[in-house]
Amino acid sequence: MLTEQQIQGIYVPVITPFTKDNQLDIPSFRNYITHMANSGIHGLVINGTTGESPTVSWDEVEQLVQVTKETLQSINKTIPIVVGTGTNDTASTVKRTQMAGELGADAVLVVTPYYNRPTEEGIYEHFRVTAEVGVPVIVYEIPARTGVRVSVDTMKRIMNLDGVIGLKDSTNGVELMSELVRSGSKPILCGDDAFFYDMLSEGAAGGMLASANINTEQFIEVYDRYKNGDKEGSRELFTRVAPFIDHLFAEPAPAMIKWLLVNQGIITCDQLRLPLMPASEQLKAKMDEYLVSSNAVN
Ligand SMILES: O=C(O)C1=N[C@H](C(=O)O)C[C@H](O)C1
């Protein structure tokens with residue numbers, strides 16, 4: 001099980017590769033997990049937003065976790081596996097968290113309950129009951145997707161729960177994070193790629209970054225330089241990679257990530273499940289142009 005102290009570095013939220021007819025593409029997934037695990041990352045996240053969690057069934061999540069564990073074992077790697085179990089139904093979140101624990105997840109990623117717009121007390125209770133399962137919980141706050149924004153006071157209460165080991169902060173800014181850090185917070189991972197350097201400066205323990213699927217070494221280096229005291233070098237490298245992040249998220253992720261992984265020969269097909277659509281030809285052209293001019297892909 002993951003501890004607070006182990007939440008640091010670059011966690012990669014993995015994509016879910018599909019075949020043309022929308023089935024899980026397990027051979028591609030094995031190849032991709034091998035590639036990611038060999039790239040020096042600090043952890044993997046299955047069934048995050050990048051994994052297209054709204055359109056992936058729990059049975060499929062179980063397969064993905066099992067294949068990930070087998071693949072890591074076959075290449076002798078032991079990196080933490082975090083599994084997204086959050087829904088907007090507390091009972092189902094608890095059930096999924098229990099099942100993830102039984103599958104061997106090191107921690108679960110639990111998003112703030114979306115769509116039904118619970119009160120602050122309801123949100124607190126959601127996390128309290130989920131954390132009681134006994135699988136370490138990383139809270140995932142992403143107001144732009146959930147439609148609710150947890151107040152600083154409620155977030156402090158949630159973070160103080162036994163069983164909650166950290167926060168993935170995708171709040172589109174550093175305000176929440178600075179408030180939490182000021183009062184001595186558990187680890188916070190940046191979940192908003194464009195703010196990665198700013199969040200490191202505010203005390204983030206690392207990032208859970210979809211962009212690190214592609215420019216993996218560069219994101220690791222931004223993190224390593226910062227932690228080793230080369231803040232200027234870290235900032236300078238991040239500034240160079242920032243336009244790549246803009247292109248990656250210019251249309252709904254993970255369309256562009258899947259297209260780039262196909263181009264790199266890591267997965268075979270860039271299929272997404274509706275309502276997500278493949279990246280547009282215009283965006284692909286812009287990305288190509290950027291990559292040629294910057295030589296950004298590893
Ligand atoms: O996969 C995730 O989970 C991530 N979510 C953020 C988002 O949905 O915007 C971005 C982050 O890079 C990864």
# chains A, B, ... in the order shown; residues from 1 in each chain; ligands from 1

call {"tool": "residues_around", "arguments": {"residues": "region 131-148 of chain A", "least_positions_apart": "4", "cutoff": "9 Å", "atoms": "only C-alpha atoms", "output": "PDB file with N, CA and C atoms, in the first residue's frame"}}
result
ATOM      1  N   MET A   1       0.841  -1.212   0.000  1.00  0.00           N
ATOM      2  CA  MET A   1       0.000   0.000   0.000  1.00  0.00           C
ATOM      3  C   MET A   1       0.877   1.264   0.000  1.00  0.00           C
ATOM      4  N   LEU A   2       0.402   2.257  -0.670  1.00  0.00           N
ATOM      5  CA  LEU A   2       1.167   3.502  -0.801  1.00  0.00           C
ATOM      6  C   LEU A   2       1.086   4.314   0.495  1.00  0.00           C
ATOM      7  N   THR A   3       2.217   4.907   0.872  1.00  0.00           N
ATOM      8  CA  THR A   3       2.222   5.770   2.056  1.00  0.00           C
ATOM      9  C   THR A   3       2.358   7.226   1.602  1.00  0.00           C
ATOM     10  N   GLU A   4       2.082   8.129   2.522  1.00  0.00           N
ATOM     11  CA  GLU A   4       2.238   9.558   2.213  1.00  0.00           C
ATOM     12  C   GLU A   4       3.642   9.851   1.685  1.00  0.00           C
ATOM     13  N   VAL A  82      -1.996   3.139  -8.884  1.00  0.00           N
ATOM     14  CA  VAL A  82      -3.147   3.842  -8.318  1.00  0.00           C
ATOM     15  C   VAL A  82      -4.326   3.585  -9.260  1.00  0.00           C
ATOM     16  N   GLY A  86     -13.370   6.605  -8.093  1.00  0.00           N
ATOM     17  CA  GLY A  86     -14.369   7.607  -7.708  1.00  0.00           C
ATOM     18  C   GLY A  86     -15.538   7.667  -8.674  1.00  0.00           C
ATOM     19  N   VAL A  94     -17.295   3.091  -2.742  1.00  0.00           N
ATOM     20  CA  VAL A  94     -16.795   2.210  -1.667  1.00  0.00           C
ATOM     21  C   VAL A  94     -16.550   0.806  -2.231  1.00  0.00           C
ATOM     22  N   LYS A  95     -17.525   0.307  -2.997  1.00  0.00           N
ATOM     23  CA  LYS A  95     -17.416  -1.046  -3.558  1.00  0.00           C
ATOM     24  C   LYS A  95     -16.196  -1.146  -4.483  1.00  0.00           C
ATOM     25  N   THR A  97     -13.591   0.714  -4.460  1.00  0.00           N
ATOM     26  CA  THR A  97     -12.359   0.868  -3.674  1.00  0.00           C
ATOM     27  C   THR A  97     -11.988  -0.462  -3.016  1.00  0.00           C
ATOM     28  N   GLN A  98     -13.011  -1.157  -2.489  1.00  0.00           N
ATOM     29  CA  GLN A  98     -12.739  -2.485  -1.904  1.00  0.00           C
ATOM     30  C   GLN A  98     -12.182  -3.422  -2.972  1.00  0.00           C
ATOM     31  N   ALA A 100     -10.689  -2.696  -5.782  1.00  0.00           N
ATOM     32  CA  ALA A 100      -9.344  -2.285  -6.219  1.00  0.00           C
ATOM     33  C   ALA A 100      -8.309  -2.787  -5.209  1.00  0.00           C
ATOM     34  N   GLY A 101      -8.641  -2.675  -3.928  1.00  0.00           N
ATOM     35  CA  GLY A 101      -7.737  -3.167  -2.877  1.00  0.00           C
ATOM     36  C   GLY A 101      -7.496  -4.668  -3.036  1.00  0.00           C
ATOM     37  N   ALA A 105      -4.320  -2.892  -5.772  1.00  0.00           N
ATOM     38  CA  ALA A 105      -3.995  -1.469  -5.981  1.00  0.00           C
ATOM     39  C   ALA A 105      -3.245  -0.947  -4.759  1.00  0.00           C
ATOM     40  N   ASP A 106      -2.272  -0.084  -4.994  1.00  0.00           N
ATOM     41  CA  ASP A 106      -1.514   0.506  -3.876  1.00  0.00           C
ATOM     42  C   ASP A 106      -2.251   1.693  -3.275  1.00  0.00           C
ATOM     43  N   ALA A 107      -3.107   2.312  -4.065  1.00  0.00           N
ATOM     44  CA  ALA A 107      -3.929   3.435  -3.589  1.00  0.00           C
ATOM     45  C   ALA A 107      -5.056   3.618  -4.594  1.00  0.00           C
ATOM     46  N   VAL A 108      -6.053   4.395  -4.198  1.00  0.00           N
ATOM     47  CA  VAL A 108      -7.124   4.719  -5.148  1.00  0.00           C
ATOM     48  C   VAL A 108      -7.194   6.230  -5.330  1.00  0.00           C
ATOM     49  N   LEU A 109      -7.661   6.610  -6.523  1.00  0.00           N
ATOM     50  CA  LEU A 109      -7.841   8.025  -6.845  1.00  0.00           C
ATOM     51  C   LEU A 109      -9.344   8.273  -6.838  1.00  0.00           C
ATOM     52  N   VAL A 110      -9.781   9.163  -5.949  1.00  0.00           N
ATOM     53  CA  VAL A 110     -11.226   9.363  -5.780  1.00  0.00           C
ATOM     54  C   VAL A 110     -11.588  10.807  -6.086  1.00  0.00           C
ATOM     55  N   VAL A 111     -12.334  10.966  -7.181  1.00  0.00           N
ATOM     56  CA  VAL A 111     -12.707  12.304  -7.625  1.00  0.00           C
ATOM     57  C   VAL A 111     -13.839  12.852  -6.749  1.00  0.00           C
ATOM     58  N   THR A 112     -13.863  14.162  -6.595  1.00  0.00           N
ATOM     59  CA  THR A 112     -14.984  14.824  -5.924  1.00  0.00           C
ATOM     60  C   THR A 112     -16.270  14.442  -6.654  1.00  0.00           C
ATOM     61  N   PRO A 113     -17.309  14.020  -5.904  1.00  0.00           N
ATOM     62  CA  PRO A 113     -18.531  13.577  -6.595  1.00  0.00           C
ATOM     63  C   PRO A 113     -19.133  14.673  -7.476  1.00  0.00           C
ATOM     64  N   TYR A 114     -19.322  14.331  -8.730  1.00  0.00           N
ATOM     65  CA  TYR A 114     -19.716  15.263  -9.795  1.00  0.00           C
ATOM     66  C   TYR A 114     -21.212  15.173 -10.065  1.00  0.00           C
ATOM     67  N   TYR A 115     -21.724  16.109 -10.742  1.00  0.00           N
ATOM     68  CA  TYR A 115     -23.054  16.137 -11.352  1.00  0.00           C
ATOM     69  C   TYR A 115     -24.204  16.289 -10.348  1.00  0.00           C
ATOM     70  N   ASN A 116     -24.211  15.522  -9.237  1.00  0.00           N
ATOM     71  CA  ASN A 116     -25.370  15.646  -8.334  1.00  0.00           C
ATOM     72  C   ASN A 116     -25.232  16.793  -7.328  1.00  0.00           C
ATOM     73  N   ARG A 117     -24.140  17.514  -7.403  1.00  0.00           N
ATOM     74  CA  ARG A 117     -23.919  18.746  -6.643  1.00  0.00           C
ATOM     75  C   ARG A 117     -24.209  18.598  -5.139  1.00  0.00           C
ATOM     76  N   PRO A 118     -23.473  17.706  -4.467  1.00  0.00           N
ATOM     77  CA  PRO A 118     -23.693  17.526  -3.027  1.00  0.00           C
ATOM     78  C   PRO A 118     -23.239  18.747  -2.226  1.00  0.00           C
ATOM     79  N   HIS A 126     -18.655  11.579   1.820  1.00  0.00           N
ATOM     80  CA  HIS A 126     -18.268  10.700   0.705  1.00  0.00           C
ATOM     81  C   HIS A 126     -16.821  10.219   0.904  1.00  0.00           C
ATOM     82  N   PHE A 127     -15.937  11.153   1.211  1.00  0.00           N
ATOM     83  CA  PHE A 127     -14.526  10.779   1.390  1.00  0.00           C
ATOM     84  C   PHE A 127     -14.310  10.037   2.712  1.00  0.00           C
ATOM     85  N   ILE A 158     -11.061  17.032   4.861  1.00  0.00           N
ATOM     86  CA  ILE A 158     -10.931  15.779   4.088  1.00  0.00           C
ATOM     87  C   ILE A 158      -9.485  15.272   4.158  1.00  0.00           C
ATOM     88  N   MET A 159      -8.547  16.202   3.998  1.00  0.00           N
ATOM     89  CA  MET A 159      -7.129  15.810   3.998  1.00  0.00           C
ATOM     90  C   MET A 159      -6.692  15.295   5.368  1.00  0.00           C
ATOM     91  N   LEU A 161      -8.441  13.309   7.179  1.00  0.00           N
ATOM     92  CA  LEU A 161      -9.015  11.981   7.449  1.00  0.00           C
ATOM     93  C   LEU A 161      -7.912  10.917   7.455  1.00  0.00           C
ATOM     94  N   ASP A 162      -7.991  10.000   8.411  1.00  0.00           N
ATOM     95  CA  ASP A 162      -7.079   8.854   8.358  1.00  0.00           C
ATOM     96  C   ASP A 162      -7.428   8.109   7.078  1.00  0.00           C
ATOM     97  N   GLY A 163      -6.471   7.642   6.380  1.00  0.00           N
ATOM     98  CA  GLY A 163      -6.780   6.905   5.146  1.00  0.00           C
ATOM     99  C   GLY A 163      -6.668   7.769   3.912  1.00  0.00           C
ATOM    100  N   VAL A 164      -6.749   9.090   4.070  1.00  0.00           N
ATOM    101  CA  VAL A 164      -6.482   9.977   2.928  1.00  0.00           C
ATOM    102  C   VAL A 164      -4.996  10.295   2.972  1.00  0.00           C
ATOM    103  N   ILE A 165      -4.287   9.997   1.874  1.00  0.00           N
ATOM    104  CA  ILE A 165      -2.831  10.173   1.903  1.00  0.00           C
ATOM    105  C   ILE A 165      -2.348  11.336   1.040  1.00  0.00           C
ATOM    106  N   GLY A 166      -3.236  11.936   0.282  1.00  0.00           N
ATOM    107  CA  GLY A 166      -2.773  13.051  -0.550  1.00  0.00           C
ATOM    108  C   GLY A 166      -3.872  13.587  -1.437  1.00  0.00           C
ATOM    109  N   LEU A 167      -3.487  14.573  -2.235  1.00  0.00           N
ATOM    110  CA  LEU A 167      -4.439  15.260  -3.114  1.00  0.00           C
ATOM    111  C   LEU A 167      -3.846  15.391  -4.504  1.00  0.00           C
ATOM    112  N   LYS A 168      -4.677  15.142  -5.497  1.00  0.00           N
ATOM    113  CA  LYS A 168      -4.315  15.522  -6.866  1.00  0.00           C
ATOM    114  C   LYS A 168      -5.084  16.813  -7.143  1.00  0.00           C
ATOM    115  N   ASP A 169      -4.341  17.892  -7.300  1.00  0.00           N
ATOM    116  CA  ASP A 169      -4.941  19.217  -7.406  1.00  0.00           C
ATOM    117  C   ASP A 169      -5.013  19.652  -8.873  1.00  0.00           C
ATOM    118  N   SER A 170      -6.226  19.653  -9.407  1.00  0.00           N
ATOM    119  CA  SER A 170      -6.452  20.118 -10.789  1.00  0.00           C
ATOM    120  C   SER A 170      -7.402  21.300 -10.749  1.00  0.00           C
ATOM    121  N   THR A 171      -7.078  22.282  -9.910  1.00  0.00           N
ATOM    122  CA  THR A 171      -8.007  23.400  -9.702  1.00  0.00           C
ATOM    123  C   THR A 171      -7.697  24.601 -10.591  1.00  0.00           C
ATOM    124  N   ASN A 172      -6.771  24.434 -11.530  1.00  0.00           N
ATOM    125  CA  ASN A 172      -6.471  25.507 -12.471  1.00  0.00           C
ATOM    126  C   ASN A 172      -5.864  26.729 -11.783  1.00  0.00           C
ATOM    127  N   GLY A 191      -2.207  18.182 -10.776  1.00  0.00           N
ATOM    128  CA  GLY A 191      -3.012  17.456 -11.759  1.00  0.00           C
ATOM    129  C   GLY A 191      -3.467  18.386 -12.858  1.00  0.00           C
ATOM    130  N   ASP A 192      -2.745  19.464 -13.027  1.00  0.00           N
ATOM    131  CA  ASP A 192      -3.093  20.468 -14.036  1.00  0.00           C
ATOM    132  C   ASP A 192      -1.782  20.836 -14.709  1.00  0.00           C
TER     133      ASP A 192
END

call {"tool": "select_by_dssp", "arguments": {"residues": "region 37-251 of chain A", "states": "helix (DSSP H, G or I)", "output": "PyMOL selection string"}}
result
chain A and resi 37+53-55+58-74+90-103+120-131+143-146+152-159+175-182+193-201+210-213+216-227+231-248

call {"tool": "write_last_selection", "arguments": {"atoms": "C-alpha atoms", "output": "CSV table (one decimal), in the first residue's frame"}}
result
chain,number,residue,atom,x,y,z
A,37,ALA,CA,7.5,1.5,-16.6
A,53,SER,CA,-12.9,6.3,-17.0
A,54,PRO,CA,-16.5,7.4,-17.9
A,55,THR,CA,-16.7,4.9,-20.8
A,58,TRP,CA,-15.4,-1.9,-14.0
A,59,ASP,CA,-14.7,-5.4,-15.5
A,60,GLU,CA,-12.4,-3.7,-18.0
A,61,VAL,CA,-10.6,-1.8,-15.2
A,62,GLU,CA,-10.0,-5.1,-13.4
A,63,GLN,CA,-8.4,-6.6,-16.6
A,64,LEU,CA,-6.2,-3.5,-16.9
A,65,VAL,CA,-5.0,-3.7,-13.3
A,66,GLN,CA,-4.3,-7.5,-13.8
A,67,VAL,CA,-2.4,-6.9,-17.0
A,68,THR,CA,-0.4,-4.1,-15.4
A,69,LYS,CA,0.6,-6.2,-12.5
A,70,GLU,CA,1.6,-9.1,-14.7
A,71,THR,CA,3.6,-6.8,-17.0
A,72,LEU,CA,5.4,-5.1,-14.2
A,73,GLN,CA,6.3,-8.5,-12.7
A,74,SER,CA,7.5,-9.8,-16.0
A,90,THR,CA,-20.7,6.8,-2.5
A,91,ALA,CA,-21.8,3.2,-2.3
A,92,SER,CA,-20.4,2.3,-5.7
A,93,THR,CA,-17.2,4.3,-4.9
A,94,VAL,CA,-16.8,2.2,-1.7
A,95,LYS,CA,-17.4,-1.0,-3.6
A,96,ARG,CA,-14.9,-0.2,-6.3
A,97,THR,CA,-12.4,0.9,-3.7
A,98,GLN,CA,-12.7,-2.5,-1.9
A,99,MET,CA,-12.4,-4.3,-5.2
A,100,ALA,CA,-9.3,-2.3,-6.2
A,101,GLY,CA,-7.7,-3.2,-2.9
A,102,GLU,CA,-8.4,-6.9,-3.5
A,103,LEU,CA,-6.8,-6.6,-6.9
A,120,GLU,CA,-19.8,20.4,1.5
A,121,GLU,CA,-20.9,18.0,4.3
A,122,GLY,CA,-22.0,15.4,1.7
A,123,ILE,CA,-18.6,15.6,0.0
A,124,TYR,CA,-16.8,15.3,3.3
A,125,GLU,CA,-19.0,12.2,4.2
A,126,HIS,CA,-18.3,10.7,0.7
A,127,PHE,CA,-14.5,10.8,1.4
A,128,ARG,CA,-14.9,9.8,5.1
A,129,VAL,CA,-16.8,6.6,4.2
A,130,THR,CA,-14.5,5.8,1.3
A,131,ALA,CA,-11.4,6.3,3.4
A,143,PRO,CA,-13.9,21.6,-10.5
A,144,ALA,CA,-13.8,22.2,-14.3
A,145,ARG,CA,-15.0,18.6,-14.8
A,146,THR,CA,-17.0,17.9,-11.7
A,152,VAL,CA,-10.5,25.2,1.6
A,153,ASP,CA,-11.9,24.4,5.0
A,154,THR,CA,-13.7,21.3,3.8
A,155,MET,CA,-10.6,20.2,1.9
A,156,LYS,CA,-8.5,20.6,5.1
A,157,ARG,CA,-11.0,18.3,6.9
A,158,ILE,CA,-10.9,15.8,4.1
A,159,MET,CA,-7.1,15.8,4.0
A,175,GLU,CA,-4.6,29.1,-4.5
A,176,LEU,CA,-6.0,25.9,-2.9
A,177,MET,CA,-2.6,24.4,-2.8
A,178,SER,CA,-0.8,27.4,-1.1
A,179,GLU,CA,-3.6,27.5,1.6
A,180,LEU,CA,-3.2,23.8,2.3
A,181,VAL,CA,0.6,23.8,2.3
A,182,ARG,CA,0.6,26.8,4.6
A,193,ASP,CA,-0.1,20.1,-16.3
A,194,ALA,CA,0.3,23.7,-17.3
A,195,PHE,CA,0.8,24.6,-13.6
A,196,PHE,CA,3.4,21.9,-12.9
A,197,TYR,CA,6.3,24.3,-12.3
A,198,ASP,CA,4.3,26.8,-10.3
A,199,MET,CA,2.9,24.0,-8.1
A,200,LEU,CA,6.4,22.6,-7.5
A,201,SER,CA,7.4,26.1,-6.4
A,210,ALA,CA,-1.2,13.2,-18.8
A,211,SER,CA,1.5,15.0,-20.8
A,212,ALA,CA,4.2,12.8,-19.2
A,213,ASN,CA,2.8,10.0,-21.4
A,216,THR,CA,8.3,11.5,-20.1
A,217,GLU,CA,12.0,12.2,-19.6
A,218,GLN,CA,11.5,15.9,-19.8
A,219,PHE,CA,8.9,15.9,-17.1
A,220,ILE,CA,11.0,13.7,-14.9
A,221,GLU,CA,13.9,16.1,-15.5
A,222,VAL,CA,11.8,19.2,-14.6
A,223,TYR,CA,10.9,17.4,-11.3
A,224,ASP,CA,14.5,16.1,-10.6
A,225,ARG,CA,16.1,19.5,-11.3
A,226,TYR,CA,13.7,21.2,-9.0
A,227,LYS,CA,14.2,18.7,-6.2
A,231,LYS,CA,15.1,25.7,-9.8
A,232,GLU,CA,16.2,27.9,-12.7
A,233,GLY,CA,17.1,24.9,-14.8
A,234,SER,CA,13.7,23.3,-13.9
A,235,ARG,CA,11.8,26.4,-14.8
A,236,GLU,CA,13.7,26.9,-18.0
A,237,LEU,CA,13.0,23.3,-19.2
A,238,PHE,CA,9.4,23.6,-18.2
A,239,THR,CA,9.0,26.8,-20.2
A,240,ARG,CA,10.3,24.9,-23.2
A,241,VAL,CA,7.8,22.1,-22.8
A,242,ALA,CA,4.8,24.3,-22.0
A,243,PRO,CA,3.6,24.8,-25.6
A,244,PHE,CA,3.5,21.1,-26.0
A,245,ILE,CA,1.0,20.9,-23.1
A,246,ASP,CA,-1.2,23.6,-24.7
A,247,HIS,CA,-1.3,21.5,-28.0
A,248,LEU,CA,-2.0,18.3,-26.1

call {"tool": "closest_residue", "arguments": {"among": "A:Ala250, A:His42, A:Asp89, A:Gln8", "to": "ligand 1", "atoms": "only C-alpha atoms and all ligand atoms"}}
result
A:Ala250

call {"tool": "closest_residue", "arguments": {"among": "A:Ala279, A:Val56, A:Ala253, A:Val174", "to": "ligand 1", "atoms": "only C-alpha atoms and all ligand atoms"}}
result
A:Ala253

call {"tool": "closest_residue", "arguments": {"among": "A:Ala204, A:Met287, A:Met36, A:Val83", "to": "ligand 1", "atoms": "only C-alpha atoms and all ligand atoms"}}
result
A:Val83

call {"tool": "closest_residue", "arguments": {"among": "A:Gly104, A:Lys77, A:Gly206, A:Phe18", "to": "ligand 1", "atoms": "only C-alpha atoms and all ligand atoms"}}
result
A:Gly206

call {"tool": "atom_distance", "arguments": {"atom1": "CA of Met208 (chain A)", "atom2": "CA of Tyr11 (chain A)"}}
result
4.6 Å
